[in-house]
Amino acid sequence: MSDWIDACKAEDLRPGEHVVVDLDGTAVAVFNLDGAFYAIEDVCTHDGAEIASGELDGDVIVCPRHGARFCIRTGEVLTPPAYEDLHVFPVRVENGMVQIRDDRWD
């Protein structure tokens with residue numbers, strides 16, 4: 001099991017905003033959706049491009065390259081051309097810090 005790492009101060013990430021952090025060599029996008037924090041791997045499963053700069057529509061992120069849509073809360077792919085879900089990382093807030101960890105090999 002990996003350790004929790006600080007992504008950002010909770011107060012610095014306003015609703016509708018995101019930050020991309022490095023988690024052991026993996027780019028992870030951390031989002032504030034109406035005061036709740038979510039973290040997804042910053043890669044479109046369709047072609048491997050980054051996804052965090054895409055348009056945010058509620059809890060859906062739209063890939064800026066080809067328009068695939070993913071649920072940020074669950075990682076579920078919602079529209080082609082992607083067919084594989086995004087990995088969603090565990091998130092917690094401890095002492096005012098948004099923290100994430102890599103659970104892919106737990």
# chains A, B, ... in the order shown; residues from 1 in each chain; ligands from 1
$ closest_atom_pairs --of "region 63-84 of chain A" --to "region 49-55 of chain A" --cutoff "8 Å" --atoms "only C-alpha atoms" --output "JSON lines"
{"residue": "A:Cys63", "atom": "CA", "partner": "A:Gly54", "partner_atom": "CA", "distance": 5.0}
{"residue": "A:Pro64", "atom": "CA", "partner": "A:Gly54", "partner_atom": "CA", "distance": 4.6}
{"residue": "A:Arg65", "atom": "CA", "partner": "A:Ala49", "partner_atom": "CA", "distance": 7.7}
$ select_by_dssp --residues "chain A" --states "strand (DSSP E or B)" --output "JSON list (two decimals) with N, CA and C atoms, in the first residue's frame"
[["chain", "number", "residue", "atom", "x", "y", "z"],
["A", 5, "ILE", "N", -0.09, 11.21, -0.04],
["A", 5, "ILE", "CA", 0.73, 12.39, -0.34],
["A", 5, "ILE", "C", -0.18, 13.61, -0.39],
["A", 6, "ASP", "N", 0.39, 14.76, -0.05],
["A", 6, "ASP", "CA", -0.35, 16.02, -0.12],
["A", 6, "ASP", "C", -0.49, 16.45, -1.57],
["A", 7, "ALA", "N", -1.72, 16.73, -1.99],
["A", 7, "ALA", "CA", -1.97, 17.24, -3.33],
["A", 7, "ALA", "C", -2.05, 18.76, -3.32],
["A", 8, "CYS", "N", -2.75, 19.32, -2.34],
["A", 8, "CYS", "CA", -2.91, 20.77, -2.23],
["A", 8, "CYS", "C", -3.65, 21.08, -0.94],
["A", 9, "LYS", "N", -3.67, 22.35, -0.57],
["A", 9, "LYS", "CA", -4.50, 22.77, 0.56],
["A", 9, "LYS", "C", -5.95, 22.75, 0.10],
["A", 18, "HIS", "N", -9.38, 22.34, -10.53],
["A", 18, "HIS", "CA", -8.60, 21.11, -10.40],
["A", 18, "HIS", "C", -7.11, 21.46, -10.34],
["A", 19, "VAL", "N", -6.34, 20.50, -9.90],
["A", 19, "VAL", "CA", -4.90, 20.60, -9.89],
["A", 19, "VAL", "C", -4.36, 19.24, -10.32],
["A", 20, "VAL", "N", -3.25, 19.24, -11.06],
["A", 20, "VAL", "CA", -2.61, 17.99, -11.47],
["A", 20, "VAL", "C", -1.35, 17.83, -10.65],
["A", 21, "VAL", "N", -1.21, 16.66, -10.03],
["A", 21, "VAL", "CA", -0.05, 16.37, -9.20],
["A", 21, "VAL", "C", 0.60, 15.07, -9.65],
["A", 22, "ASP", "N", 1.87, 14.93, -9.31],
["A", 22, "ASP", "CA", 2.61, 13.71, -9.61],
["A", 22, "ASP", "C", 2.49, 12.75, -8.43],
["A", 23, "LEU", "N", 2.02, 11.56, -8.70],
["A", 23, "LEU", "CA", 1.89, 10.52, -7.68],
["A", 23, "LEU", "C", 2.75, 9.34, -8.10],
["A", 26, "THR", "N", 2.93, 9.09, -11.80],
["A", 26, "THR", "CA", 1.63, 9.10, -12.48],
["A", 26, "THR", "C", 0.98, 10.46, -12.29],
["A", 27, "ALA", "N", 0.55, 11.08, -13.40],
["A", 27, "ALA", "CA", -0.16, 12.35, -13.32],
["A", 27, "ALA", "C", -1.59, 12.08, -12.85],
["A", 28, "VAL", "N", -1.98, 12.77, -11.77],
["A", 28, "VAL", "CA", -3.31, 12.60, -11.19],
["A", 28, "VAL", "C", -3.98, 13.98, -11.12],
["A", 29, "ALA", "N", -5.20, 14.04, -11.63],
["A", 29, "ALA", "CA", -5.98, 15.28, -11.58],
["A", 29, "ALA", "C", -6.91, 15.21, -10.38],
["A", 30, "VAL", "N", -6.81, 16.22, -9.51],
["A", 30, "VAL", "CA", -7.65, 16.30, -8.31],
["A", 30, "VAL", "C", -8.66, 17.41, -8.54],
["A", 31, "PHE", "N", -9.94, 17.09, -8.40],
["A", 31, "PHE", "CA", -11.04, 18.02, -8.65],
["A", 31, "PHE", "C", -11.80, 18.32, -7.38],
["A", 32, "ASN", "N", -12.31, 19.54, -7.28],
["A", 32, "ASN", "CA", -13.27, 19.91, -6.25],
["A", 32, "ASN", "C", -14.62, 20.04, -6.95],
["A", 33, "LEU", "N", -15.52, 19.12, -6.63],
["A", 33, "LEU", "CA", -16.87, 19.16, -7.19],
["A", 33, "LEU", "C", -17.83, 19.48, -6.05],
["A", 36, "ALA", "N", -16.63, 18.46, -2.58],
["A", 36, "ALA", "CA", -16.11, 17.09, -2.43],
["A", 36, "ALA", "C", -14.93, 16.93, -3.39],
["A", 37, "PHE", "N", -13.92, 16.19, -2.96],
["A", 37, "PHE", "CA", -12.70, 16.04, -3.75],
["A", 37, "PHE", "C", -12.64, 14.66, -4.38],
["A", 38, "TYR", "N", -12.18, 14.64, -5.64],
["A", 38, "TYR", "CA", -12.05, 13.40, -6.41],
["A", 38, "TYR", "C", -10.72, 13.44, -7.15],
["A", 39, "ALA", "N", -10.15, 12.26, -7.38],
["A", 39, "ALA", "CA", -8.86, 12.18, -8.08],
["A", 39, "ALA", "C", -8.92, 11.09, -9.14],
["A", 40, "ILE", "N", -8.55, 11.46, -10.37],
["A", 40, "ILE", "CA", -8.51, 10.51, -11.47],
["A", 40, "ILE", "C", -7.15, 10.57, -12.14],
["A", 41, "GLU", "N", -6.77, 9.47, -12.78],
["A", 41, "GLU", "CA", -5.54, 9.49, -13.55],
["A", 41, "GLU", "C", -5.72, 10.46, -14.71],
["A", 55, "GLU", "N", -13.09, 20.17, -20.93],
["A", 55, "GLU", "CA", -14.25, 20.90, -20.40],
["A", 55, "GLU", "C", -14.89, 20.11, -19.28],
["A", 56, "LEU", "N", -15.24, 20.81, -18.21],
["A", 56, "LEU", "CA", -15.93, 20.21, -17.07],
["A", 56, "LEU", "C", -17.41, 20.52, -17.20],
["A", 57, "ASP", "N", -18.24, 19.48, -17.15],
["A", 57, "ASP", "CA", -19.69, 19.61, -17.25],
["A", 57, "ASP", "C", -20.31, 18.88, -16.07],
["A", 60, "VAL", "N", -18.68, 15.55, -15.04],
["A", 60, "VAL", "CA", -18.17, 14.90, -16.24],
["A", 60, "VAL", "C", -17.02, 15.72, -16.82],
["A", 61, "ILE", "N", -15.94, 15.02, -17.21],
["A", 61, "ILE", "CA", -14.82, 15.66, -17.89],
["A", 61, "ILE", "C", -14.85, 15.20, -19.34],
["A", 62, "VAL", "N", -14.68, 16.15, -20.26],
["A", 62, "VAL", "CA", -14.71, 15.86, -21.68],
["A", 62, "VAL", "C", -13.27, 15.94, -22.20],
["A", 69, "ARG", "N", -16.15, 11.18, -22.87],
["A", 69, "ARG", "CA", -16.65, 11.76, -21.62],
["A", 69, "ARG", "C", -16.50, 10.72, -20.51],
["A", 70, "PHE", "N", -16.07, 11.21, -19.32],
["A", 70, "PHE", "CA", -15.87, 10.34, -18.17],
["A", 70, "PHE", "C", -16.49, 10.97, -16.93],
["A", 71, "CYS", "N", -17.04, 10.15, -16.06],
["A", 71, "CYS", "CA", -17.53, 10.62, -14.76],
["A", 71, "CYS", "C", -16.33, 10.76, -13.83],
["A", 77, "VAL", "N", -16.41, 5.51, -18.10],
["A", 77, "VAL", "CA", -16.46, 6.12, -19.43],
["A", 77, "VAL", "C", -17.93, 6.20, -19.83],
["A", 78, "LEU", "N", -18.32, 7.37, -20.36],
["A", 78, "LEU", "CA", -19.71, 7.61, -20.69],
["A", 78, "LEU", "C", -19.97, 7.63, -22.20],
["A", 79, "THR", "N", -18.97, 8.00, -22.99],
["A", 79, "THR", "CA", -19.15, 8.05, -24.44],
["A", 79, "THR", "C", -17.86, 7.64, -25.15],
["A", 88, "VAL", "N", -9.79, 5.79, -10.51],
["A", 88, "VAL", "CA", -10.11, 6.79, -9.49],
["A", 88, "VAL", "C", -9.27, 6.47, -8.25],
["A", 89, "PHE", "N", -8.55, 7.47, -7.76],
["A", 89, "PHE", "CA", -7.66, 7.29, -6.62],
["A", 89, "PHE", "C", -8.36, 7.69, -5.32],
["A", 91, "VAL", "N", -9.07, 9.61, -1.98],
["A", 91, "VAL", "CA", -8.83, 11.00, -1.58],
["A", 91, "VAL", "C", -9.33, 11.17, -0.15],
["A", 92, "ARG", "N", -8.58, 11.95, 0.61],
["A", 92, "ARG", "CA", -9.03, 12.33, 1.95],
["A", 92, "ARG", "C", -8.54, 13.74, 2.24],
["A", 93, "VAL", "N", -9.15, 14.37, 3.25],
["A", 93, "VAL", "CA", -8.68, 15.66, 3.72],
["A", 93, "VAL", "C", -8.22, 15.48, 5.15],
["A", 94, "GLU", "N", -6.94, 15.77, 5.38],
["A", 94, "GLU", "CA", -6.31, 15.64, 6.70],
["A", 94, "GLU", "C", -5.62, 16.95, 7.04],
["A", 97, "MET", "N", -5.34, 19.51, 4.33],
["A", 97, "MET", "CA", -4.67, 19.13, 3.09],
["A", 97, "MET", "C", -5.47, 18.06, 2.37],
["A", 98, "VAL", "N", -5.64, 18.24, 1.07],
["A", 98, "VAL", "CA", -6.21, 17.19, 0.24],
["A", 98, "VAL", "C", -5.09, 16.20, -0.03],
["A", 99, "GLN", "N", -5.33, 14.94, 0.30],
["A", 99, "GLN", "CA", -4.31, 13.92, 0.12],
["A", 99, "GLN", "C", -4.84, 12.81, -0.78],
["A", 100, "ILE", "N", -3.93, 12.21, -1.54],
["A", 100, "ILE", "CA", -4.26, 11.10, -2.43],
["A", 100, "ILE", "C", -3.25, 9.98, -2.21]]
$ atom_distance --atom1 "CA of Gly58 (chain A)" --atom2 "CA of Gly25 (chain A)"
28.2 Å
$ atom_distance --atom1 "CA of Trp105 (chain A)" --atom2 "CA of His46 (chain A)"
22.4 Å
$ closest_residue --among "A:Thr45, A:Gly16, A:Asn95, A:Ala10" --to "Tyr83 (chain A)" --atoms "only C-alpha atoms"
A:Thr45
$ closest_residue --among "A:Gly96, A:Arg73, A:Pro90, A:Ala82" --to "Ser2 (chain A)" --atoms "only C-alpha atoms"
A:Pro90
